[in-house]
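Colleague: Data file start_32.tsv (TSV, C-alpha atoms) is appended below.
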```tsv
chain	number	residue	atom	x	y	z
A	1	MET	CA	123.84	40.22	92.16
A	2	LYS	CA	120.69	40.12	90.06
A	3	ILE	CA	119.85	42.94	87.65
A	4	ALA	CA	116.22	43.12	86.55
A	5	ASP	CA	115.42	42.38	82.93
A	6	ARG	CA	113.63	45.72	82.66
A	7	ALA	CA	116.95	47.44	83.35
A	8	GLU	CA	117.95	46.35	79.85
A	9	ILE	CA	115.60	49.03	78.52
A	10	SER	CA	116.84	50.56	75.27
A	11	PRO	CA	118.63	53.88	75.60
A	12	PHE	CA	116.93	57.13	74.67
A	13	TYR	CA	119.44	57.86	71.92
A	14	VAL	CA	118.90	61.60	71.84
A	15	MET	CA	120.26	61.74	75.39
A	16	GLU	CA	123.33	59.84	74.19
A	17	VAL	CA	123.76	62.39	71.40
A	18	MET	CA	123.41	65.21	73.93
A	19	LYS	CA	126.26	63.70	75.94
A	20	ALA	CA	128.46	63.39	72.86
A	21	ALA	CA	127.64	66.95	71.83
A	22	ALA	CA	128.51	68.26	75.29
A	23	ASP	CA	131.85	66.40	75.18
A	24	ARG	CA	132.66	67.86	71.78
A	25	GLU	CA	131.60	71.32	72.91
A	26	ARG	CA	133.91	71.20	75.92
A	27	VAL	CA	136.88	70.35	73.71
A	28	GLN	CA	136.20	72.25	70.49
A	29	GLY	CA	133.22	74.53	71.17
A	30	ASN	CA	130.88	75.70	68.43
A	31	VAL	CA	128.21	72.99	68.48
A	32	LEU	CA	124.84	73.75	66.94
A	33	HIS	CA	122.18	71.83	68.86
A	34	LEU	CA	119.64	70.35	66.49
A	35	GLU	CA	119.38	67.15	68.51
A	36	VAL	CA	117.36	68.19	71.52
A	37	GLY	CA	113.61	68.70	71.53
A	38	GLN	CA	113.26	71.67	73.80
A	39	PRO	CA	112.69	75.40	73.44
A	40	SER	CA	115.81	77.55	73.55
A	41	THR	CA	113.87	80.29	75.32
A	42	PRO	CA	113.27	80.67	79.06
A	43	ALA	CA	109.86	80.45	80.69
A	44	PRO	CA	107.60	83.47	80.14
A	45	GLN	CA	108.25	86.45	82.40
A	46	THR	CA	104.87	85.89	84.04
A	47	VAL	CA	106.07	82.46	85.20
A	48	ILE	CA	109.44	83.72	86.42
A	49	ALA	CA	107.79	86.51	88.42
A	50	ALA	CA	105.33	84.05	89.96
A	51	ALA	CA	108.20	81.73	90.92
A	52	HIS	CA	110.03	84.60	92.65
A	53	ARG	CA	106.88	85.40	94.63
A	54	ALA	CA	106.46	81.74	95.55
A	55	LEU	CA	110.02	81.57	96.90
A	56	ASP	CA	109.29	84.53	99.16
A	57	ASP	CA	105.73	83.72	100.20
A	58	HIS	CA	105.20	79.94	100.18
A	59	ARG	CA	106.40	77.07	102.31
A	60	LEU	CA	106.79	74.93	99.16
A	61	GLY	CA	105.92	71.66	100.82
A	62	TYR	CA	104.20	68.68	99.25
A	63	THR	CA	100.93	69.21	97.38
A	64	ASP	CA	98.12	66.78	96.67
A	65	ALA	CA	99.37	63.96	94.47
A	66	ALA	CA	97.15	65.22	91.64
A	67	GLY	CA	98.39	68.80	92.03
A	68	ILE	CA	97.11	72.08	93.40
A	69	VAL	CA	93.45	72.84	92.78
A	70	GLN	CA	94.12	76.33	91.40
A	71	LEU	CA	96.26	75.02	88.54
A	72	ARG	CA	93.91	72.13	87.79
A	73	ALA	CA	91.05	74.61	87.53
A	74	ARG	CA	93.12	76.89	85.29
A	75	ILE	CA	93.89	73.98	82.96
A	76	ALA	CA	90.18	73.11	82.77
A	77	HIS	CA	89.50	76.73	81.83
A	78	PHE	CA	92.22	76.47	79.17
A	79	TYR	CA	90.36	73.59	77.49
A	80	ARG	CA	87.10	75.53	77.57
A	81	GLN	CA	88.78	78.62	76.14
A	82	ARG	CA	90.98	77.03	73.46
A	83	TYR	CA	88.98	73.96	72.39
A	84	GLN	CA	85.43	74.66	73.59
A	85	VAL	CA	85.67	71.41	75.55
A	86	GLU	CA	84.39	71.01	79.11
A	87	VAL	CA	86.91	69.31	81.41
A	88	ASP	CA	86.22	68.63	85.08
A	89	PRO	CA	89.22	69.85	87.14
A	90	HIS	CA	88.80	66.63	89.13
A	91	GLN	CA	90.00	64.75	86.04
A	92	VAL	CA	93.14	66.88	85.62
A	93	VAL	CA	96.29	65.37	87.17
A	94	LEU	CA	99.56	67.29	87.37
A	95	THR	CA	102.61	65.12	86.68
A	96	MET	CA	106.41	65.09	86.78
A	97	GLY	CA	106.63	66.26	83.20
A	98	ALA	CA	104.72	64.46	80.47
A	99	SER	CA	107.17	61.58	81.04
A	100	GLY	CA	105.73	61.02	84.50
A	101	GLY	CA	102.28	61.18	82.96
A	102	PHE	CA	103.07	58.41	80.49
A	103	ALA	CA	104.34	56.19	83.27
A	104	LEU	CA	101.14	56.77	85.25
A	105	ALA	CA	98.93	56.26	82.20
A	106	PHE	CA	100.62	53.02	81.15
A	107	LEU	CA	100.62	51.58	84.67
A	108	ALA	CA	96.98	52.51	85.28
A	109	ALA	CA	95.59	51.36	81.95
A	110	PHE	CA	97.64	48.30	80.95
A	111	ASP	CA	98.71	45.04	82.54
A	112	VAL	CA	101.68	42.81	81.82
A	113	GLY	CA	101.08	41.03	78.54
A	114	ASP	CA	98.60	43.57	77.16
A	115	ARG	CA	99.07	44.62	73.53
A	116	VAL	CA	99.51	48.35	72.87
A	117	ALA	CA	100.10	49.83	69.42
A	118	VAL	CA	102.52	52.67	68.68
A	119	THR	CA	103.50	54.20	65.37
A	120	GLU	CA	106.95	53.72	63.92
A	121	PRO	CA	108.52	56.23	63.69
A	122	GLY	CA	107.38	57.53	67.03
A	123	TYR	CA	108.63	58.89	70.32
A	124	PRO	CA	110.96	56.12	71.60
A	125	CYS	CA	110.00	56.34	75.25
A	126	TYR	CA	106.50	55.03	74.50
A	127	ARG	CA	107.99	51.78	73.26
A	128	ASN	CA	110.79	51.59	75.80
A	129	VAL	CA	108.65	52.29	78.87
A	130	LEU	CA	105.82	50.01	77.78
A	131	GLU	CA	108.31	47.18	77.27
A	132	ALA	CA	109.88	47.85	80.68
A	133	PHE	CA	106.38	47.48	82.17
A	134	GLY	CA	105.93	44.09	80.48
A	135	VAL	CA	103.50	45.30	77.82
A	136	GLU	CA	103.72	43.91	74.30
A	137	VAL	CA	104.38	46.76	71.89
A	138	VAL	CA	102.76	46.45	68.48
A	139	GLY	CA	104.56	48.62	65.94
A	140	ILE	CA	102.53	50.26	63.18
A	141	PRO	CA	104.89	51.30	60.36
A	142	VAL	CA	103.78	54.65	58.95
A	143	ASP	CA	105.43	56.65	56.18
A	144	ALA	CA	105.19	59.76	54.04
A	145	SER	CA	102.43	58.27	51.86
A	146	SER	CA	99.96	58.76	54.74
A	147	ARG	CA	101.72	61.80	56.25
A	148	TYR	CA	102.92	59.38	58.96
A	149	VAL	CA	99.36	58.92	60.23
A	150	PRO	CA	98.16	55.33	60.90
A	151	MET	CA	95.57	54.20	58.39
A	152	PRO	CA	92.41	52.22	59.27
A	153	TYR	CA	93.64	49.08	57.51
A	154	GLN	CA	96.83	49.21	59.61
A	155	LEU	CA	94.87	49.46	62.86
A	156	ASP	CA	92.65	46.58	61.74
A	157	ALA	CA	95.70	44.49	60.83
A	158	ALA	CA	97.27	45.00	64.25
A	159	GLY	CA	94.97	42.37	65.76
A	160	ASP	CA	93.42	42.51	69.22
A	161	LEU	CA	94.69	45.59	71.02
A	162	ASP	CA	94.34	46.85	74.57
A	163	GLY	CA	95.72	50.29	73.81
A	164	LEU	CA	96.80	52.71	71.12
A	165	VAL	CA	99.23	55.61	71.58
A	166	ILE	CA	99.01	58.49	69.12
A	167	ALA	CA	100.82	61.83	69.00
A	168	SER	CA	99.61	64.91	67.17
A	169	PRO	CA	101.69	66.91	66.37
A	170	ALA	CA	104.10	64.00	66.37
A	171	ASN	CA	107.70	63.56	67.37
A	172	PRO	CA	109.82	63.07	65.23
A	173	THR	CA	107.80	63.97	62.12
A	174	GLY	CA	105.94	67.13	63.08
A	175	THR	CA	102.83	65.80	61.31
A	176	MET	CA	99.40	65.83	62.91
A	177	LEU	CA	96.00	64.28	62.52
A	178	THR	CA	93.18	66.17	60.81
A	179	THR	CA	89.85	66.42	62.60
A	180	ASP	CA	88.51	63.60	60.40
A	181	GLU	CA	91.52	61.40	61.20
A	182	MET	CA	91.19	62.07	64.93
A	183	GLU	CA	87.49	61.28	64.86
A	184	ARG	CA	88.16	58.10	62.87
A	185	THR	CA	90.83	56.98	65.34
A	186	VAL	CA	88.57	57.62	68.32
A	187	ARG	CA	85.78	55.66	66.62
A	188	PHE	CA	88.11	52.69	66.05
A	189	CYS	CA	89.10	52.68	69.73
A	190	ARG	CA	85.48	52.95	70.88
A	191	ASN	CA	84.29	50.16	68.58
A	192	TRP	CA	87.00	47.73	69.68
A	193	GLY	CA	87.36	48.64	73.36
A	194	VAL	CA	90.88	50.02	72.89
A	195	ARG	CA	92.21	52.54	75.43
A	196	LEU	CA	93.46	55.60	73.54
A	197	VAL	CA	96.44	57.50	74.94
A	198	ALA	CA	96.80	60.80	73.11
A	199	ASP	CA	100.06	62.73	73.34
A	200	GLU	CA	99.20	66.40	72.77
A	201	ILE	CA	102.31	67.99	74.25
A	202	TYR	CA	103.09	69.98	71.08
A	203	HIS	CA	99.68	71.62	70.93
A	204	GLY	CA	100.11	75.34	70.45
A	205	ILE	CA	103.16	74.85	68.22
A	206	THR	CA	101.29	74.53	64.96
A	207	TYR	CA	101.58	76.49	61.76
A	208	GLU	CA	98.89	76.26	59.07
A	209	ARG	CA	96.06	74.88	61.24
A	210	ALA	CA	95.29	74.14	64.87
A	211	ALA	CA	95.63	70.63	66.26
A	212	PRO	CA	92.38	68.89	67.28
A	213	THR	CA	92.22	67.43	70.78
A	214	ALA	CA	91.00	63.88	71.34
A	215	LEU	CA	88.81	65.26	74.15
A	216	LYS	CA	86.55	66.81	71.52
A	217	TYR	CA	85.50	63.30	70.47
A	218	THR	CA	85.78	61.08	73.53
A	219	HIS	CA	85.74	61.03	77.30
A	220	ASP	CA	87.49	57.64	77.43
A	221	ALA	CA	90.96	58.68	76.26
A	222	VAL	CA	93.93	59.60	78.41
A	223	VAL	CA	95.28	62.91	77.13
A	224	LEU	CA	98.84	64.00	77.97
A	225	GLN	CA	100.04	67.58	77.90
A	226	SER	CA	103.07	69.44	79.19
A	227	PHE	CA	104.40	72.85	80.14
A	228	SER	CA	107.70	71.91	78.47
A	229	LYS	CA	107.08	72.71	74.82
A	230	TYR	CA	104.67	75.54	73.96
A	231	PHE	CA	104.98	77.00	77.45
A	232	SER	CA	108.80	76.84	77.30
A	233	MET	CA	109.22	75.30	80.77
A	234	THR	CA	111.18	72.13	79.99
A	235	GLY	CA	113.39	72.06	83.08
A	236	TRP	CA	110.53	72.86	85.43
A	237	ARG	CA	109.43	69.22	84.97
A	238	LEU	CA	105.69	69.73	84.96
A	239	GLY	CA	103.04	68.14	82.78
A	240	TRP	CA	99.42	67.18	83.10
A	241	MET	CA	96.97	64.45	82.22
A	242	VAL	CA	93.26	64.58	81.56
A	243	VAL	CA	92.01	61.15	82.58
A	244	PRO	CA	88.62	59.47	82.23
A	245	GLU	CA	86.59	59.10	85.39
A	246	ASP	CA	87.39	55.40	85.78
A	247	LEU	CA	91.13	56.15	85.95
A	248	VAL	CA	91.05	59.13	88.33
A	249	ARG	CA	91.58	57.13	91.53
A	250	PRO	CA	93.97	54.54	90.02
A	251	VAL	CA	96.19	57.32	88.66
A	252	GLU	CA	96.03	59.23	91.93
A	253	ARG	CA	97.04	56.15	93.96
A	254	LEU	CA	99.93	55.43	91.63
A	255	ALA	CA	101.06	59.08	91.77
A	256	GLN	CA	100.97	59.05	95.58
A	257	ASN	CA	103.26	56.06	95.71
A	258	LEU	CA	105.60	56.85	92.84
A	259	PHE	CA	106.04	60.61	93.03
A	260	ILE	CA	104.21	61.94	96.14
A	261	SER	CA	103.55	65.15	94.21
A	262	PRO	CA	104.83	67.19	91.27
A	263	PRO	CA	107.28	70.06	91.92
A	264	THR	CA	105.45	72.61	94.02
A	265	ILE	CA	107.18	75.76	92.81
A	266	ALA	CA	106.61	74.73	89.20
A	267	GLN	CA	102.90	74.23	89.87
A	268	ILE	CA	102.47	77.63	91.49
A	269	ALA	CA	104.42	79.38	88.76
A	270	ALA	CA	102.62	77.52	85.96
A	271	ILE	CA	99.32	79.16	86.82
A	272	ALA	CA	100.85	82.31	85.31
A	273	ALA	CA	102.00	80.50	82.14
A	274	PHE	CA	98.60	81.03	80.57
A	275	ASP	CA	99.14	84.80	80.86
A	276	GLY	CA	102.38	84.72	78.84
A	277	THR	CA	100.72	84.32	75.45
A	278	GLU	CA	102.52	87.20	73.74
A	279	GLU	CA	105.96	85.71	74.46
A	280	LEU	CA	104.83	82.20	73.64
A	281	GLU	CA	103.31	83.14	70.29
A	282	ALA	CA	106.52	84.98	69.42
A	283	ASN	CA	108.35	81.68	69.99
A	284	VAL	CA	106.00	79.92	67.56
A	285	THR	CA	106.63	82.62	64.96
A	286	ARG	CA	110.36	82.00	65.32
A	287	TYR	CA	109.89	78.24	64.98
A	288	ARG	CA	107.96	78.82	61.74
A	289	THR	CA	110.79	80.97	60.40
A	290	ASN	CA	113.35	78.35	61.38
A	291	ARG	CA	111.30	75.58	59.80
A	292	ASP	CA	111.11	77.44	56.52
A	293	ILE	CA	114.86	78.18	56.46
A	294	LEU	CA	115.86	74.60	57.16
A	295	ALA	CA	113.21	73.10	54.89
A	296	ALA	CA	114.32	75.27	51.96
A	297	THR	CA	117.92	74.09	52.32
A	298	LEU	CA	116.93	70.42	52.57
A	299	ARG	CA	114.83	70.71	49.43
A	300	LYS	CA	117.72	72.41	47.66
A	301	VAL	CA	120.15	69.58	48.46
A	302	GLY	CA	117.63	66.83	47.72
A	303	LEU	CA	116.89	65.49	51.21
A	304	PRO	CA	113.14	64.72	51.60
A	305	PHE	CA	111.32	65.17	54.92
A	306	ALA	CA	107.91	64.75	56.47
A	307	PRO	CA	105.49	67.68	56.06
A	308	PRO	CA	105.96	69.62	59.33
A	309	ASP	CA	102.50	70.72	60.49
A	310	GLY	CA	103.66	71.46	64.02
A	311	ALA	CA	106.20	70.80	66.78
A	312	PHE	CA	109.78	71.81	65.86
A	313	TYR	CA	111.26	68.84	64.02
A	314	LEU	CA	112.07	67.71	60.52
A	315	TYR	CA	112.32	63.96	60.01
A	316	VAL	CA	114.73	63.75	57.11
A	317	ASP	CA	115.18	60.86	54.69
A	318	VAL	CA	118.96	60.47	54.24
A	319	GLY	CA	118.69	57.10	52.47
A	320	SER	CA	120.22	58.58	49.32
A	321	ILE	CA	123.53	59.12	51.13
A	322	THR	CA	123.65	56.51	53.90
A	323	ASN	CA	122.09	53.45	55.45
A	324	ASP	CA	123.78	54.23	58.76
A	325	SER	CA	122.16	57.27	60.34
A	326	PRO	CA	124.14	56.93	63.61
A	327	ALA	CA	127.38	57.15	61.62
A	328	LEU	CA	126.06	60.16	59.68
A	329	CYS	CA	125.09	61.93	62.91
A	330	ALA	CA	128.54	61.21	64.34
A	331	ALA	CA	130.16	62.58	61.17
A	332	TRP	CA	128.06	65.76	61.21
A	333	LEU	CA	128.93	66.31	64.86
A	334	ASP	CA	132.64	65.76	64.23
A	335	GLU	CA	132.98	67.55	60.89
A	336	LEU	CA	130.27	70.20	61.02
A	337	GLY	CA	129.68	70.73	64.72
A	338	ILE	CA	125.99	69.89	64.21
A	339	ALA	CA	124.29	67.60	66.72
A	340	CYS	CA	121.25	65.71	65.42
A	341	THR	CA	119.43	62.51	66.31
A	342	PRO	CA	119.60	59.24	64.33
A	343	GLY	CA	116.32	57.77	63.17
A	344	ILE	CA	116.93	54.52	65.06
A	345	ASP	CA	115.70	56.34	68.16
A	346	PHE	CA	112.24	56.57	66.58
A	347	ASP	CA	112.08	53.56	64.28
A	348	PRO	CA	114.22	50.52	65.13
A	349	VAL	CA	113.53	48.95	61.70
A	350	ARG	CA	113.76	51.76	59.12
A	351	GLY	CA	115.45	54.44	61.20
A	352	ARG	CA	118.92	53.87	59.79
A	353	GLN	CA	117.86	55.91	56.76
A	354	PHE	CA	116.54	58.90	58.70
A	355	VAL	CA	117.73	61.68	61.00
A	356	ARG	CA	115.71	64.12	63.09
A	357	LEU	CA	116.63	67.80	63.06
A	358	SER	CA	115.18	70.08	65.72
A	359	TYR	CA	114.76	73.72	64.76
A	360	SER	CA	113.92	75.09	68.22
A	361	GLU	CA	117.18	77.02	68.63
A	362	SER	CA	117.81	80.62	67.55
A	363	THR	CA	117.23	81.60	63.94
A	364	GLU	CA	120.94	82.46	63.70
A	365	ASP	CA	121.90	78.92	64.73
A	366	ILE	CA	119.41	77.30	62.37
A	367	THR	CA	120.59	79.48	59.48
A	368	GLU	CA	124.20	78.53	60.18
A	369	ALA	CA	123.31	74.83	60.47
A	370	ALA	CA	121.54	74.99	57.10
A	371	ARG	CA	124.62	76.63	55.57
A	372	ARG	CA	126.92	73.91	56.91
A	373	ILE	CA	124.66	71.08	55.73
A	374	GLU	CA	124.39	72.60	52.27
A	375	GLY	CA	128.17	72.95	52.06
A	376	TRP	CA	128.70	69.35	53.18
A	377	MET	CA	126.17	68.00	50.69
A	378	THR	CA	127.59	70.11	47.86
A	379	ALA	CA	131.12	68.88	48.57
A	380	ARG	CA	129.93	65.25	48.18
A	381	ARG	CA	128.81	65.78	44.61
```
For this file, produce the structure as structure tokens.
Modeller:
Amino acid sequence: MKIADRAEISPFYVMEVMKAAADRERVQGNVLHLEVGQPSTPAPQTVIAAAHRALDDHRLGYTDAAGIVQLRARIAHFYRQRYQVEVDPHQVVLTMGASGGFALAFLAAFDVGDRVAVTEPGYPCYRNVLEAFGVEVVGIPVDASSRYVPMPYQLDAAGDLDGLVIASPANPTGTMLTTDEMERTVRFCRNWGVRLVADEIYHGITYERAAPTALKYTHDAVVLQSFSKYFSMTGWRLGWMVVPEDLVRPVERLAQNLFISPPTIAQIAAIAAFDGTEELEANVTRYRTNRDILAATLRKVGLPFAPPDGAFYLYVDVGSITNDSPALCAAWLDELGIACTPGIDFDPVRGRQFVRLSYSESTEDITEAARRIEGWMTARR
């Protein structure tokens, strides 16, 4: 029987690493999880309490495809409070995680054969999902010389584009655009009629400065956010989009047909997420501590990495010791009990010389991982 070409979509390698790590953990135990990009903390207590109330008091049936009005209004208030940006709740769409939001954004904004640019390295599911939808992906190779931010000459050299996907803070590098760089990128998209899709799911997890939102500079972009990262609600599978007026109905129709509605209990509980700031900021403080511990060890053993402005990743250049990052990740899992993600997940061309380390786990785990990596590197000399 026929299998669709789109079913040949590339794997999301981090999920493959997670499987291998789980297998090793079942047999030998003692795996330190630096592969997965999720908080190691539960949802804030405010969210958990709201979920308990919802289980007792609500029917928990379907909601509107775009989500419950109370949460959409609370998100609009969040933009006013945090960014001094006015967002109409009508333009807020709740989604099945940010992943569901990307599917809706790509289907609503781009047709088969359209050309959409993504940075390399970058989150692999942009590329994989766009290709599955028949969109031509235009890779923009970025590197440490520009802090992994696409430069104007690179955007100009990409040719005619229908879309551009940016992430700030970015996965896997943790770097983010300055206000000038965001404004410049928005201006490029406006001048050339390019639909901007801005991934802002790591907003809130920043260290030396706050991340600018694309909504400060344009009403034409699709902005993706999530309760998974800063709000520590990964498994609740709830994200949101802020969409321009011309995409409100297209996105809503697609959501009706593809998902019916996002998880109801997650939506009700998420209203209370904005009241859990004390817990959430404590998480960010821990991430900063973990970043500094891991970064100090990598500098000590001579492994360069991108400057981590936010998120909870270090994108590490291991080219001095290997040109086969999947083999290195397999060796670290086998020999050190450290799970990490090979760079080929994020950059199919240059990724064999990079690995991504997530520092979202406990400080104890990150400290122990740093100790094991230092010992392994020292033994090689």
Colleague: Nearest residue to Glu278 in chain A out of A:Phe231, A:Gly29, A:Gln38, A:Leu247, using all atoms listed in the file?
Modeller: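 So, comparing all the options, the nearest one is A:Phe231.
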Colleague: Can you pull out the residues contacting range 62-65 of chain A? Cut-off 6 Å, using all atoms listed in the file, and skip same-chain residues under 5 positions away; I want them as a PyMOL selection string.
Modeller: chain A and resi 255-256+260-261
Colleague: Using only C-alpha atoms, what does the table of range 262-315 of chain A residues within 12 Å of range 162-171 of chain A look like, with each row giving the shortest atom pair and its distance in Å to one decimal, sorted by chain and ascending number, as a tab-separated table?
Modeller:
```
residue	atom	partner	partner_atom	distance
A:Ala306	CA	A:Ala170	CA	10.6
A:Pro307	CA	A:Pro169	CA	11.0
A:Pro308	CA	A:Pro169	CA	8.7
A:Asp309	CA	A:Pro169	CA	7.1
A:Gly310	CA	A:Pro169	CA	5.5
A:Ala311	CA	A:Pro169	CA	6.0
A:Phe312	CA	A:Asn171	CA	8.6
A:Tyr313	CA	A:Asn171	CA	7.2
A:Leu314	CA	A:Asn171	CA	9.1
A:Tyr315	CA	A:Asn171	CA	8.7
```
Colleague: Just the residues within 10 Å of Ala369 in chain A, please, counting only C-alpha atoms, with nothing from its chain fewer than 5 positions along; format it as a short mmCIF file (atom, residue, chain, number, x, y, z; two decimals) with C-alpha atoms, keeping the file's coordinate frame.
Modeller:
```
data_model
loop_
_atom_site.label_atom_id
_atom_site.label_comp_id
_atom_site.auth_asym_id
_atom_site.auth_seq_id
_atom_site.Cartn_x
_atom_site.Cartn_y
_atom_site.Cartn_z
CA VAL A 31 128.21 72.99 68.48
CA LEU A 32 124.84 73.75 66.94
CA HIS A 33 122.18 71.83 68.86
CA LEU A 34 119.64 70.35 66.49
CA ILE A 293 114.86 78.18 56.46
CA LEU A 294 115.86 74.60 57.16
CA THR A 297 117.92 74.09 52.32
CA LEU A 336 130.27 70.20 61.02
CA GLY A 337 129.68 70.73 64.72
CA ILE A 338 125.99 69.89 64.21
CA ALA A 339 124.29 67.60 66.72
CA TYR A 359 114.76 73.72 64.76
CA THR A 363 117.23 81.60 63.94
CA GLU A 364 120.94 82.46 63.70
CA GLU A 374 124.39 72.60 52.27
CA GLY A 375 128.17 72.95 52.06
#
```
Colleague: Can you work out which one of A:Gly101, A:Pro121, A:Pro150, A:Gly37 has the shortest atom-to-atom distance to Met18 in chain A, counting only C-alpha atoms?
Modeller: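 Nearest to Met18 in chain A: A:Gly37.
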Colleague: Identify, on the basis of all atoms listed in the file, every residue whose closest approach to Gln84 in chain A does not exceed 12 Å; exclude the query and any residue fewer than 3 positions from it along the same chain; express the result as a compact mmCIF listing (two decimals) with C-alpha atoms, in the frame of the given file.
Modeller:
```txt
# COMPACT_ATOMS: atom_id res chain seq x y z
CA ALA A 76 90.18 73.11 82.77
CA HIS A 77 89.50 76.73 81.83
CA PHE A 78 92.22 76.47 79.17
CA TYR A 79 90.36 73.59 77.49
CA ARG A 80 87.10 75.53 77.57
CA GLN A 81 88.78 78.62 76.14
CA VAL A 87 86.91 69.31 81.41
CA PRO A 212 92.38 68.89 67.28
CA THR A 213 92.22 67.43 70.78
CA LEU A 215 88.81 65.26 74.15
CA LYS A 216 86.55 66.81 71.52
CA TYR A 217 85.50 63.30 70.47
```
Colleague: Could you check which of A:Ala7, A:Val142, A:Ala331, A:Ile205 is closest to Asn128 in chain A, using only C-alpha atoms?
Modeller: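 Going through A:Ala7, A:Val142, A:Ala331, A:Ile205 one by one, the smallest distance to Asn128 in chain A is for A:Ala7.
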Colleague: Which neighbours of Phe227 in chain A fall inside 6 Å, counting only C-alpha atoms, when residues of the same chain fewer than 2 positions from it are skipped, and could you give them as a ChimeraX atom specification?
Modeller: /A:229,231,233,238-239
Colleague: Output as AutoDock Vina command-line options the centre and edge lengths (Å, one decimal) of the box along x, y and z of the file that holds every listed atom of range 3-13 of chain A after adding 5 Å on each side.
Modeller:
```
--center_x 116.7 --center_y 50.1 --center_z 79.8 --size_x 16.2 --size_y 25.5 --size_z 25.7
```
Colleague: Find the spatial neighbours of Ala158 in chain A, counting all atoms listed in the file, within a cut-off of 9 Å - ignore same-chain residues fewer than 2 positions away - and output them as an mmCIF file with C-alpha atoms, in the coordinates of the input.
Modeller:
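Output below, filename out_32.cif:
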```
data_model
loop_
_atom_site.group_PDB
_atom_site.id
_atom_site.type_symbol
_atom_site.label_atom_id
_atom_site.label_comp_id
_atom_site.auth_asym_id
_atom_site.auth_seq_id
_atom_site.Cartn_x
_atom_site.Cartn_y
_atom_site.Cartn_z
ATOM 1 C CA ALA A 117 100.100 49.830 69.420
ATOM 2 C CA VAL A 138 102.760 46.450 68.480
ATOM 3 C CA GLY A 139 104.560 48.620 65.940
ATOM 4 C CA ILE A 140 102.530 50.260 63.180
ATOM 5 C CA TYR A 153 93.640 49.080 57.510
ATOM 6 C CA GLN A 154 96.830 49.210 59.610
ATOM 7 C CA LEU A 155 94.870 49.460 62.860
ATOM 8 C CA ASP A 156 92.650 46.580 61.740
ATOM 9 C CA ASP A 160 93.420 42.510 69.220
ATOM 10 C CA LEU A 161 94.690 45.590 71.020
#
```
Colleague: Quick check, in Å to one decimal: how far apart do CA of Val248 in chain A and CA of Thr218 in chain A lie?
Modeller: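 Result for CA of Val248 in chain A versus CA of Thr218 in chain A: 15.8 Å, one decimal.
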Colleague: Quick one, how far is CA of Thr322 in chain A from CA of Val36 in chain A?
Modeller: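 Atom-to-atom, CA of Thr322 in chain A and CA of Val36 in chain A are spaced 22.1 Å apart.
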Colleague: Determine the nearest neighbour of Gly343 in chain A from the options A:Ser146, A:Ser325, A:Thr185, A:Thr41, counting all atoms listed in the file.
Modeller: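 Looking at the shortest contact to Gly343 in chain A, the residue is A:Ser325.
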Colleague: Dump as an MDAnalysis selection string all residues having an atom at most 9 Å from (107.0, 84.4, 79.8), computed in the file's coordinates with all atoms listed in the file.
Modeller: chainID A and resid 42:49 231:232 272:273 275:280
Colleague: CA of Cys340 in chain A and CA of Pro304 in chain A are how many Å apart?
Modeller: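 Those two atoms sit 16.1 Å apart.
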Colleague: Up to 8 Å from (98.7, 71.0, 82.8) in the file's coordinates: name the residues, counting all atoms listed in the file, as an MDAnalysis selection string.
Modeller: chainID A and resid 71:72 75 92:94 225:227 238:241
Colleague: Determine the nearest neighbour of Val243 in chain A from the options A:Tyr287, A:Phe12, A:Phe106, A:Tyr83, counting only C-alpha atoms.
Modeller: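 Among the listed residues, A:Phe106 lies closest to Val243 in chain A.
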Colleague: So which one's closest to Val223 in chain A, A:Thr206, A:Thr289, A:Asn30, A:Gln91? Using all atoms listed in the file, please.
Modeller: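 Answer, going by the shortest atom-to-atom distance: A:Gln91.
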